[in-house]
Amino acid sequence: MRSPVERLHIFATIKPKPEFFDQAKAALEELVQPTLAEPGCHLFTVLENRDKPGVLHLFEIFDDDAAVQKHYEKYYTKEVFAKYQDWLASPVDIQHLSVTSSYSSEQFV
């Protein structure tokens with residue numbers, strides 16, 4: 001198991017078309033529980049942007065790229081990705097992040 005400092009932190013910005021916002025939000029919420037049960041997943045949370053209505057975010061922490069890749073291969077993740085084809089106003093903006101210190105990473109233990 002990787003130390004908290006070595007884990008991969010992901011911040012994704014998701015902009016659904018207005019008519020699909022509620023469906024997209026519900027679909028992401030349904031991903032939370034099974035994703036948290038995946039080996040290598042430490043955090044998976046859906047956030048709604050309070051400053052930009054209609055924008056969702058995912059904040060995720062996985063052990064590494066391999067754990068994320070396994071997540072992407074799960075049937076429930078693939079189902080949401082397939083729906084994104086119709087639902088999204090723009091491509092998902094995914095940013096891979098690293099914490100800068102062990103002090104920072106302790107917040108996510």
# chains A, B, ... in the order shown; residues from 1 in each chain; ligands from 1
call {"tool": "residues_around", "arguments": {"residues": "range 37-44 of chain A", "least_positions_apart": "6", "cutoff": "9 Å", "atoms": "only C-alpha atoms", "output": "list in words"}}
result
Met1, His9, Leu31, Leu58, Phe59, Glu60, Ile61, Phe62, Asp63, Asp64, Ala66, Ala67, Val68, Lys70, His71, Phe108 and Val109 of chain A
call {"tool": "residues_around", "arguments": {"residues": "range 47-49 of chain A", "least_positions_apart": "5", "cutoff": "10 Å", "atoms": "only C-alpha atoms", "output": "ChimeraX atom specification"}}
result
/A:12-14,25,28-29,54-59
call {"tool": "select_by_dssp", "arguments": {"residues": "chain A", "states": "alpha helix (DSSP H)", "output": "count of residues only"}}
result
42
call {"tool": "select_by_dssp", "arguments": {"residues": "chain A", "states": "strand (DSSP E or B)", "output": "list in words"}}
result
Leu8, His9, Ile10, Phe11, Ala12, Thr13, Ile14, Pro16, Cys41, His42, Leu43, Phe44, Thr45, Val46, Leu47, Glu48, Leu56, His57, Leu58, Phe59, Glu60, Ile61, Phe62, Leu88, Asp93, Ile94, Gln95, His96 and Leu97 of chain A
call {"tool": "atom_distance", "arguments": {"atom1": "CA of Glu6 in chain A", "atom2": "CA of Thr77 in chain A"}}
result
24.1 Å
call {"tool": "closest_residue", "arguments": {"among": "A:Val5, A:Phe11, A:Tyr76, A:Gln69", "to": "Pro34 in chain A", "atoms": "only C-alpha atoms"}}
result
A:Tyr76
call {"tool": "closest_residue", "arguments": {"among": "A:Tyr75, A:Asp65, A:Lys15, A:Ala24", "to": "His96 in chain A", "atoms": "only C-alpha atoms"}}
result
A:Asp65
